[in-house]
Structure formats: C-alpha cells, structure tokens
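K.L.:
Input structure: upload_12.csv, which contains CSV, C-alpha atoms.
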```csv
chain,number,residue,atom,x,y,z
A,1,MET,CA,84.1,82.7,121.1
A,2,LYS,CA,85.1,85.8,123.1
A,3,ILE,CA,86.6,89.0,121.7
A,4,VAL,CA,88.1,91.8,123.8
A,5,ALA,CA,88.2,95.1,121.9
A,6,ASP,CA,89.4,98.6,122.5
A,7,LYS,CA,86.2,100.6,123.1
A,8,HIS,CA,87.6,103.6,121.2
A,9,ILE,CA,87.8,101.8,117.8
A,10,PRO,CA,85.1,103.4,115.7
A,11,PHE,CA,82.3,101.5,113.9
A,12,LEU,CA,83.0,98.3,115.8
A,13,GLU,CA,80.2,98.0,118.3
A,14,GLY,CA,77.5,95.6,117.2
A,15,VAL,CA,79.5,94.0,114.3
A,16,PHE,CA,80.6,90.8,116.0
A,17,GLU,CA,77.8,90.5,118.6
A,18,PRO,CA,75.8,88.0,116.4
A,19,TYR,CA,78.8,85.7,116.4
A,20,ALA,CA,80.7,86.2,119.6
A,21,GLU,CA,80.7,87.6,123.1
A,22,VAL,CA,82.4,91.0,122.8
A,23,VAL,CA,83.8,93.0,125.7
A,24,TYR,CA,84.8,96.6,125.2
A,25,ILE,CA,87.5,98.2,127.4
A,26,ASP,CA,89.6,101.3,127.2
A,27,GLY,CA,92.8,100.2,125.4
A,28,ARG,CA,95.2,101.4,128.0
A,29,ALA,CA,93.3,99.5,130.7
A,30,ILE,CA,93.2,96.0,129.1
A,31,ASN,CA,95.0,93.6,131.4
A,32,HIS,CA,95.7,89.9,131.7
A,33,ASP,CA,92.6,89.1,133.7
A,34,ASP,CA,90.4,90.8,131.1
A,35,ILE,CA,91.7,88.5,128.3
A,36,VAL,CA,92.5,85.2,130.0
A,37,ASP,CA,89.5,83.5,128.4
A,38,ALA,CA,89.5,85.6,125.2
A,39,ASP,CA,90.1,84.1,121.8
A,40,ALA,CA,90.9,87.4,120.0
A,41,LEU,CA,91.9,91.0,120.7
A,42,ILE,CA,91.1,94.0,118.6
A,43,ILE,CA,93.3,96.8,119.7
A,44,ARG,CA,95.1,100.1,118.9
A,45,THR,CA,98.6,101.2,119.9
A,46,ARG,CA,97.6,101.8,123.5
A,47,THR,CA,97.4,98.1,124.3
A,48,ILE,CA,100.9,96.6,124.8
A,49,CYS,CA,100.8,93.0,123.8
A,50,ASN,CA,103.7,91.1,125.4
A,51,ALA,CA,104.3,88.1,127.7
A,52,ASP,CA,103.0,90.0,130.7
A,53,LEU,CA,99.6,90.4,129.0
A,54,LEU,CA,99.4,87.2,127.0
A,55,ASP,CA,100.9,84.4,129.0
A,56,GLY,CA,98.4,81.8,130.1
A,57,THR,CA,95.5,83.3,128.0
A,58,LYS,CA,93.5,81.7,125.2
A,59,VAL,CA,94.3,84.5,122.7
A,60,ARG,CA,95.1,83.2,119.2
A,61,MET,CA,94.4,86.3,117.2
A,62,ILE,CA,95.4,89.9,117.6
A,63,ALA,CA,94.1,92.5,115.1
A,64,THR,CA,95.4,96.0,115.5
A,65,ALA,CA,93.5,98.8,113.8
A,66,THR,CA,96.8,100.6,113.2
A,67,ILE,CA,99.6,100.5,110.7
A,68,GLY,CA,102.3,100.2,113.4
A,69,MET,CA,102.9,97.0,115.3
A,70,ASP,CA,105.7,98.2,117.7
A,71,HIS,CA,103.2,97.7,120.6
A,72,ILE,CA,103.0,94.0,119.9
A,73,ASP,CA,105.8,91.5,120.7
A,74,LEU,CA,105.9,89.7,117.4
A,75,ASP,CA,108.5,87.2,118.4
A,76,TYR,CA,106.4,86.1,121.3
A,77,CYS,CA,103.3,85.8,119.1
A,78,ARG,CA,105.2,83.7,116.6
A,79,GLU,CA,106.5,81.4,119.3
A,80,HIS,CA,103.1,80.9,120.8
A,81,GLY,CA,101.0,80.5,117.6
A,82,ILE,CA,99.2,83.8,117.8
A,83,GLU,CA,98.3,85.4,114.5
A,84,VAL,CA,98.8,89.1,114.2
A,85,HIS,CA,97.3,91.4,111.6
A,86,ASN,CA,97.7,95.1,111.1
A,87,ALA,CA,95.8,97.6,109.0
A,88,GLU,CA,98.5,98.3,106.4
A,89,GLY,CA,98.1,101.7,104.6
A,90,CYS,CA,94.7,102.4,106.3
A,91,ASN,CA,95.6,106.0,107.3
A,92,ALA,CA,97.9,106.9,104.4
A,93,GLY,CA,95.4,109.4,102.9
A,94,GLY,CA,94.9,111.1,106.2
A,95,VAL,CA,98.6,111.5,106.8
A,96,LEU,CA,99.1,112.9,103.3
A,97,GLN,CA,96.5,115.5,104.0
A,98,TYR,CA,98.1,116.4,107.3
A,99,VAL,CA,101.6,116.7,105.8
A,100,PHE,CA,100.6,119.2,103.1
A,101,SER,CA,98.2,121.2,105.3
A,102,ALA,CA,101.0,121.6,107.8
A,103,LEU,CA,103.6,122.3,105.1
A,104,TYR,CA,101.7,125.0,103.4
A,105,GLY,CA,100.4,126.3,106.7
A,106,VAL,CA,103.8,126.9,108.3
A,107,ALA,CA,105.2,128.2,105.0
A,108,ALA,CA,102.5,130.8,104.7
A,109,ARG,CA,102.6,131.8,108.3
A,110,LYS,CA,106.4,132.2,108.4
A,111,GLY,CA,107.0,133.5,104.9
A,112,ILE,CA,109.0,130.4,103.9
A,113,LYS,CA,109.4,130.2,100.1
A,114,LEU,CA,108.5,126.8,98.6
A,115,ASP,CA,109.4,127.6,95.0
A,116,ASP,CA,111.9,125.0,93.7
A,117,ALA,CA,111.8,123.2,97.1
A,118,THR,CA,112.9,119.6,97.5
A,119,ILE,CA,110.9,117.4,99.8
A,120,GLY,CA,112.9,114.6,101.4
A,121,ILE,CA,110.7,111.6,102.4
A,122,VAL,CA,112.3,109.3,105.0
A,123,GLY,CA,110.4,106.0,104.8
A,124,VAL,CA,108.5,105.3,101.5
A,125,GLY,CA,106.0,102.7,102.5
A,126,HIS,CA,102.2,103.1,102.1
A,127,VAL,CA,102.2,106.6,103.6
A,128,GLY,CA,105.5,107.8,102.1
A,129,LYS,CA,104.4,106.7,98.6
A,130,LYS,CA,101.2,108.8,99.0
A,131,VAL,CA,103.2,111.8,100.1
A,132,GLU,CA,105.6,111.3,97.2
A,133,GLU,CA,102.7,111.2,94.7
A,134,MET,CA,101.2,114.4,96.0
A,135,ALA,CA,104.6,116.2,96.2
A,136,ARG,CA,105.4,115.4,92.5
A,137,HIS,CA,101.9,116.4,91.5
A,138,LEU,CA,102.4,119.8,93.2
A,139,GLY,CA,105.7,120.3,91.4
A,140,PHE,CA,108.2,119.7,94.2
A,141,LYS,CA,111.5,117.9,93.7
A,142,VAL,CA,111.6,114.7,95.7
A,143,LEU,CA,114.3,112.7,97.4
A,144,LEU,CA,113.5,109.3,98.8
A,145,CYS,CA,115.3,107.3,101.6
A,146,ASP,CA,114.2,103.8,102.3
A,147,PRO,CA,117.0,101.3,102.8
A,148,PRO,CA,114.8,98.2,102.9
A,149,ARG,CA,113.1,99.1,99.7
A,150,ALA,CA,116.4,100.1,98.1
A,151,ALA,CA,117.9,96.7,99.0
A,152,ALA,CA,114.9,94.8,97.6
A,153,GLU,CA,114.3,96.9,94.5
A,154,GLY,CA,117.8,98.3,93.7
A,155,GLY,CA,119.2,101.7,94.5
A,156,ASP,CA,117.7,103.6,91.5
A,157,GLY,CA,115.4,106.3,92.8
A,158,PHE,CA,116.7,106.2,96.4
A,159,CYS,CA,119.5,108.0,98.2
A,160,SER,CA,121.3,107.9,101.5
A,161,LEU,CA,119.8,109.6,104.5
A,162,GLU,CA,122.9,111.9,104.6
A,163,PHE,CA,122.3,113.0,101.0
A,164,LEU,CA,118.6,113.5,101.6
A,165,LEU,CA,119.1,115.6,104.7
A,166,ALA,CA,121.7,117.9,103.2
A,167,ASN,CA,119.7,118.5,100.0
A,168,SER,CA,116.1,118.9,101.2
A,169,GLN,CA,114.3,122.0,102.2
A,170,VAL,CA,111.5,119.9,103.7
A,171,VAL,CA,112.1,116.6,105.6
A,172,THR,CA,109.1,114.4,106.5
A,173,MET,CA,109.3,111.2,108.5
A,174,HIS,CA,107.3,108.1,107.6
A,175,VAL,CA,109.4,105.2,108.9
A,176,PRO,CA,108.1,102.4,111.1
A,177,LEU,CA,109.5,102.1,114.6
A,178,ASP,CA,112.2,99.4,115.0
A,179,GLU,CA,115.7,99.2,116.2
A,180,THR,CA,117.1,100.8,113.0
A,181,THR,CA,114.8,103.8,113.3
A,182,ARG,CA,114.6,104.4,117.0
A,183,GLY,CA,116.2,107.8,117.8
A,184,MET,CA,117.4,108.2,114.2
A,185,ALA,CA,116.5,111.9,114.2
A,186,ASP,CA,119.4,112.8,116.5
A,187,GLU,CA,122.1,115.5,116.7
A,188,ASP,CA,123.9,114.4,113.6
A,189,PHE,CA,120.6,114.2,111.7
A,190,PHE,CA,119.7,117.8,112.4
A,191,MET,CA,123.3,119.1,111.8
A,192,LEU,CA,123.0,117.9,108.2
A,193,MET,CA,119.7,119.8,107.6
A,194,PRO,CA,120.2,123.2,105.9
A,195,PRO,CA,119.3,126.3,107.9
A,196,GLY,CA,115.7,127.4,107.4
A,197,SER,CA,114.5,123.9,106.4
A,198,ILE,CA,111.2,122.3,107.6
A,199,PHE,CA,111.0,119.2,109.7
A,200,ILE,CA,107.8,117.1,110.0
A,201,ASN,CA,107.4,114.0,112.2
A,202,ALA,CA,104.1,112.1,111.7
A,203,ALA,CA,105.8,108.6,112.1
A,204,ARG,CA,106.5,107.6,115.7
A,205,GLY,CA,107.6,109.7,118.5
A,206,GLU,CA,110.5,107.4,119.4
A,207,VAL,CA,112.2,108.0,116.0
A,208,LEU,CA,113.0,111.5,117.4
A,209,ASP,CA,115.6,112.6,120.0
A,210,ASP,CA,113.7,115.4,121.7
A,211,GLU,CA,116.8,117.2,123.1
A,212,ALA,CA,118.5,117.1,119.7
A,213,LEU,CA,115.5,118.7,118.1
A,214,ILE,CA,115.3,121.4,120.8
A,215,GLN,CA,118.9,122.3,120.1
A,216,ALA,CA,118.3,122.4,116.4
A,217,ILE,CA,115.1,124.4,116.4
A,218,PRO,CA,116.8,127.9,116.3
A,219,LYS,CA,118.4,127.0,112.9
A,220,LEU,CA,115.3,125.3,111.4
A,221,GLY,CA,112.6,127.2,109.5
A,222,ALA,CA,109.7,125.4,111.0
A,223,VAL,CA,108.9,122.2,112.9
A,224,VAL,CA,105.7,120.1,112.9
A,225,ILE,CA,105.2,117.3,115.4
A,226,ASP,CA,102.3,114.9,115.6
A,227,THR,CA,103.9,111.9,117.3
A,228,TRP,CA,105.7,112.2,120.6
A,229,ASN,CA,108.1,110.4,122.9
A,230,HIS,CA,106.4,109.1,126.1
A,231,GLU,CA,102.8,109.7,124.9
A,232,PRO,CA,100.6,110.9,126.5
A,233,ASP,CA,103.2,112.7,128.7
A,234,VAL,CA,104.7,114.9,126.0
A,235,ASN,CA,107.7,117.1,126.4
A,236,ARG,CA,106.2,120.5,127.3
A,237,ASP,CA,109.4,122.4,126.4
A,238,LEU,CA,109.3,120.9,122.9
A,239,LEU,CA,105.6,121.5,122.6
A,240,GLU,CA,106.1,125.2,123.3
A,241,MET,CA,108.9,125.5,120.7
A,242,VAL,CA,107.4,123.8,117.6
A,243,ASP,CA,105.3,125.6,115.0
A,244,ILE,CA,102.5,123.0,114.8
A,245,ALA,CA,101.8,120.5,117.6
A,246,THR,CA,99.0,117.9,117.4
A,247,PRO,CA,98.2,114.8,119.6
A,248,HIS,CA,99.0,111.9,117.3
A,249,ILE,CA,96.0,112.5,114.9
A,250,ALA,CA,97.7,112.9,111.5
A,251,GLY,CA,96.0,109.7,110.3
A,252,TYR,CA,92.6,110.5,111.8
A,253,SER,CA,90.6,110.9,108.7
A,254,TYR,CA,87.1,109.5,108.4
A,255,GLN,CA,88.1,107.1,105.6
A,256,GLY,CA,91.2,106.1,107.5
A,257,LYS,CA,89.2,105.0,110.4
A,258,GLN,CA,86.7,103.1,108.2
A,259,ASN,CA,89.7,101.4,106.5
A,260,ALA,CA,91.3,100.5,109.9
A,261,THR,CA,88.2,98.9,111.4
A,262,ALA,CA,87.4,97.1,108.2
A,263,SER,CA,90.9,95.6,108.1
A,264,ALA,CA,90.6,94.4,111.8
A,265,VAL,CA,87.1,93.0,111.4
A,266,GLN,CA,87.9,91.1,108.1
A,267,SER,CA,91.1,89.6,109.6
A,268,VAL,CA,89.4,88.3,112.7
A,269,ALA,CA,86.4,87.1,110.6
A,270,ARG,CA,88.7,85.1,108.3
A,271,HIS,CA,90.7,83.7,111.1
A,272,PHE,CA,87.6,82.3,112.8
A,273,GLY,CA,85.6,81.5,109.6
A,274,ILE,CA,82.8,84.1,110.1
A,275,GLU,CA,82.0,84.3,106.4
A,276,GLN,CA,79.4,87.0,106.8
A,277,LEU,CA,82.1,89.5,107.7
A,278,TYR,CA,84.8,88.5,105.1
A,279,ASP,CA,84.1,91.7,103.1
A,280,TYR,CA,82.9,93.9,105.9
A,281,TYR,CA,83.2,97.7,105.5
A,282,PRO,CA,81.6,100.2,107.8
A,283,GLU,CA,78.8,102.3,106.5
A,284,ALA,CA,79.3,106.0,106.7
A,285,ASP,CA,77.3,107.5,109.5
A,286,ILE,CA,78.1,111.2,108.7
A,287,PRO,CA,76.4,112.8,105.7
A,288,ASP,CA,78.5,114.5,103.1
A,289,HIS,CA,81.8,113.1,104.4
A,290,ASP,CA,83.1,111.5,101.2
A,291,PRO,CA,86.7,112.3,100.2
A,292,ILE,CA,87.2,115.7,98.4
A,293,ARG,CA,88.9,116.1,95.1
A,294,LEU,CA,91.2,119.1,95.0
A,295,ASP,CA,91.8,121.0,91.8
A,296,LEU,CA,95.3,122.6,92.4
A,297,GLY,CA,96.3,123.1,88.8
A,298,GLY,CA,97.7,126.5,88.1
A,299,LYS,CA,97.5,127.7,91.7
A,300,THR,CA,100.3,129.5,93.5
A,301,HIS,CA,101.8,128.2,96.7
A,302,GLY,CA,99.8,130.8,98.6
A,303,GLU,CA,96.5,129.8,96.9
A,304,ARG,CA,97.3,126.1,97.6
A,305,ALA,CA,97.9,127.0,101.3
A,306,ALA,CA,94.4,128.5,101.4
A,307,VAL,CA,92.9,125.4,99.8
A,308,PHE,CA,94.6,123.0,102.2
A,309,GLN,CA,93.7,125.1,105.2
A,310,TYR,CA,90.1,125.4,104.1
A,311,ASN,CA,89.8,121.6,103.8
A,312,TYR,CA,91.8,120.9,106.9
A,313,PRO,CA,92.4,123.9,109.2
A,314,ILE,CA,95.3,122.3,111.0
A,315,PHE,CA,96.0,125.2,113.3
A,316,THR,CA,92.7,124.5,115.0
A,317,ASP,CA,94.0,121.1,116.1
A,318,ASP,CA,97.3,122.8,117.1
A,319,PHE,CA,95.4,125.4,119.3
A,320,ARG,CA,93.2,122.8,121.0
A,321,PHE,CA,96.2,120.7,121.9
A,322,ARG,CA,98.2,123.6,123.3
A,323,MET,CA,95.2,124.6,125.4
A,324,GLU,CA,95.1,121.2,127.2
A,325,PRO,CA,98.1,119.0,126.5
A,326,GLU,CA,97.3,117.1,129.7
A,327,ASN,CA,94.2,115.7,127.9
A,328,PHE,CA,96.2,114.1,125.1
A,329,GLU,CA,94.2,110.9,125.2
A,330,ARG,CA,90.8,112.6,125.4
A,331,LEU,CA,91.7,114.8,122.4
A,332,ARG,CA,92.4,111.7,120.4
A,333,SER,CA,89.4,109.7,121.5
A,334,GLU,CA,87.0,112.6,120.9
A,335,TYR,CA,88.6,113.7,117.7
A,336,LYS,CA,86.2,114.7,114.9
A,337,TYR,CA,87.5,112.7,111.9
A,338,ARG,CA,88.1,114.9,108.9
A,339,ARG,CA,87.3,114.1,105.3
A,340,GLU,CA,90.2,113.0,103.1
A,341,ILE,CA,91.4,114.7,100.0
A,342,TYR,CA,92.7,113.4,96.7
A,343,ILE,CA,93.9,114.8,93.4
```
Mind converting the file's structure to structure tokens?
P.N.:
Amino acid sequence: MKIVADKHIPFLEGVFEPYAEVVYIDGRAINHDDIVDADALIIRTRTICNADLLDGTKVRMIATATIGMDHIDLDYCREHGIEVHNAEGCNAGGVLQYVFSALYGVAARKGIKLDDATIGIVGVGHVGKKVEEMARHLGFKVLLCDPPRAAAEGGDGFCSLEFLLANSQVVTMHVPLDETTRGMADEDFFMLMPPGSIFINAARGEVLDDEALIQAIPKLGAVVIDTWNHEPDVNRDLLEMVDIATPHIAGYSYQGKQNATASAVQSVARHFGIEQLYDYYPEADIPDHDPIRLDLGGKTHGERAAVFQYNYPIFTDDFRFRMEPENFERLRSEYKYRREIYI
C-alpha cells in the first residue's frame, strides 16, 4: 500500500514504513499526480481534499491530524466511498492554555478588571468544554451558546448568541466552520458586545468578518486573534490593530501534537488492518515536557496572569509573528510546541 503524508506532521516519519510505501510532501503542495496511486492520505488543514484532488485516484482513506474538517469535501468522500477521520479534541488542552494566557495577559497589560467577569463561550464542543471547566474553576461566571448541543440535549444551560454577547465581558470563539458559522462575527455581532469587552478567536478565521471587527475595535477592551481569513495572507490592517496576534498556533501544544498524530495513525491502521499500530502513541522526544499542574487556589487575577505567562509567554509568539507576518507558514511549521497545563 502507499500513503502520502504532510511532511510537517510531527512524530510520523518511520511509523508506517515497515508496512507501506510512504511519501512525505509539504501539505500545500500535495496535488493529484502525487496521490493518483495512493491508498491513504495523512494531512492537515493545508491540503484541500476535493474532486480536483481526488478524482481518478485510488485514495480510500483520509486521516487529518486536525479537529476541523472544512478542508475536506465530505459529501464527495461519502459518494466515492472514502473514509474520513479527524482528530477530535486533540488540541483542546493547548487551546485552553492559549485562551487563558491571552485573557490574563491582555487584562494585565491594559488594566482590564476581571473581577465578577462573565465569559461567553460560543461553541461548546471538545475545546469549549475545556475552556468552560477552567473558567468555572477560576471563578468566572459562564454563558454557553451551542445551538446543536442545545437542540440535542435541551436548552438548560445554554443561551442565545444575542443574550451571550450582550451579557459577557469576554467572548471566546470555539465553533467549527460550516455554513451556519461562516462570517457569524459580523457587524451585528460586535454591536451587541458591551464597550470594553474582550474578543478572542481561536476557532477558524472565516467565522470572522474582518472589516466588522476593525470597525468595532475602538469600542472593545482587547482583541486576540489566532486564526485568520485568507491564511497565510493575513489582513495586515487587522494585525496592527489587535492586542495579541498569533499564526494559528493556539492548539500547538506538545501533547496536542502527540494526540493528533496518534489519532491519524490509529485510524489508518484500523482501516487497513495494521494491528501493530492499533494503539500507537508517539513517544516523547523532549525531556521534561509532561503537562504542568497549576495551583491557582487563592491567587489574585494579577498573580494568575503571572502564572499563565510564566508557563506560556504568549506575547513572545505575538512579537515573533508581528516581526515577520509574511512567514506565517514557516512560523507554524517551526513552532516549538509548548507543554500543556491542567488543574
């Protein structure tokens, strides 16, 4: 069998070689000719899997080492018998760490009071639930908006988007990208947010209307953006205006990358019956990189800010990105994965 894989997926090289021919290619460069005789693809979001790529190929399995699947034409895959597997929840711990490092960081830098603040979480899947758990542990009030979950589980515990926006001092986005969420953070969205509130987007760039946010920034207290429209060609005007800007690395924790690669390998192994890899998990190759338990009990918001910044100095990532935004992809591919935190 033959596997074509994104060469930037960590821990992958050497895993399948005893069982298959493996070809490693930059994810953005993978094309039809590369995969015409491939049985499986192991990719990230930079490989667009649609009819143009897949028609006339042998591909029967696509494993993406990401949570999102908006880069894959799922209808096409269903119609053509191609199994698709994503890495659900793989980077939830990393995004949680990012959100609270960013939140406490901008609040400390700009003198924003977080006492009695309400955090509104838009999208409460694997990542949103982690953010909710941490927010409650830290004593924040929490509002949740997730229409699919509310429809499946009942409305208790959930609220409308309009109510959440009007009653939250912090709004953090964790929705998947689909036709119901594309462009949802628009002019009306930001008009509902109270003056001085904080906006964080670590979901997908396309859930945001750039011009609407640019117009709203003067009334907002702080803005944090990790995911951008038209990556890697980000909006430079928006980049200059936000308080924290990073190159789509919110989920780039060491454990998150281990989880993502493990998920991709296991799904391909099970599809093709490679029993030796059914329970594969990458061995750590960096000493002392286990997750860190944080003791935040009894600490003030200022002290918590120091703890989060010590464990993940997010302004370093912000500085590096602002220095060379044209190197968006290189900053991602060469990123030094950070240790996760837990409580």
K.L.:
Report as a list in words all protein, DNA and RNA residues lying within 8 Å of region 180-190 of chain A, evaluated on all atoms listed in the file, omitting residues in the same chain fewer than 3 positions from it.
P.N.:
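In the requested form, the answer reads Glu162, Leu165, Val175, Pro176, Leu177, Met193, Glu206, Val207, Leu208, Asp209, Ala212, Leu213 and Ala216 of chain A.
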K.L.:
Using all atoms listed in the file, which residue out of A:Tyr278, A:Tyr342, A:Phe163, A:Tyr19 lies closest to Leu296 (chain A)?
P.N.:
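Checking each of A:Tyr278, A:Tyr342, A:Phe163, A:Tyr19 against Leu296 (chain A), counting all atoms listed in the file, the winner is A:Tyr342.
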K.L.:
Any idea what's packed within 7 Å of Gly105 (chain A), counting all atoms listed in the file, ignoring anything in its chain fewer than 4 positions away? Could you give it as a ChimeraX atom specification?
P.N.:
/A:101,109,305,309
K.L.:
Could you list, with a cut-off of 12 Å and counting all atoms listed in the file, the residues of region 225-336 of chain A near region 27-51 of chain A, each shown with its nearest atom pair and the distance in Å rounded to one decimal, rows sorted by chain and ascending number, as CSV?
P.N.:
```
residue,atom,partner,partner_atom,distance
A:His230,CA,A:Arg46,CA,11.7
A:Glu231,CA,A:Arg46,CA,9.6
A:Pro232,CA,A:Arg46,CA,10.0
A:His248,CA,A:Thr45,CA,11.0
A:Lys257,CA,A:Arg44,CA,11.4
A:Ala260,CA,A:Arg44,CA,9.8
A:Thr261,CA,A:Ile42,CA,9.2
A:Ala262,CA,A:Ile42,CA,11.5
A:Ser263,CA,A:Ile42,CA,10.6
A:Ala264,CA,A:Ile42,CA,6.8
A:Val265,CA,A:Ile42,CA,8.3
A:Gln266,CA,A:Ile42,CA,11.4
A:Ser267,CA,A:Ile42,CA,10.0
A:Val268,CA,A:Ala40,CA,7.5
A:Ala269,CA,A:Ala40,CA,10.4
A:His271,CA,A:Ala40,CA,9.6
A:Phe272,CA,A:Ala40,CA,9.4
A:Glu329,CA,A:Arg46,CA,9.9
A:Arg332,CA,A:Arg46,CA,11.6
A:Ser333,CA,A:Gly27,CA,10.8
```
K.L.:
Rank nothing, just name the residue among A:Arg270, A:Gly251, A:Ile292, A:Asp75 nearest to Ala63 (chain A), using only C-alpha atoms.
P.N.:
A:Arg270
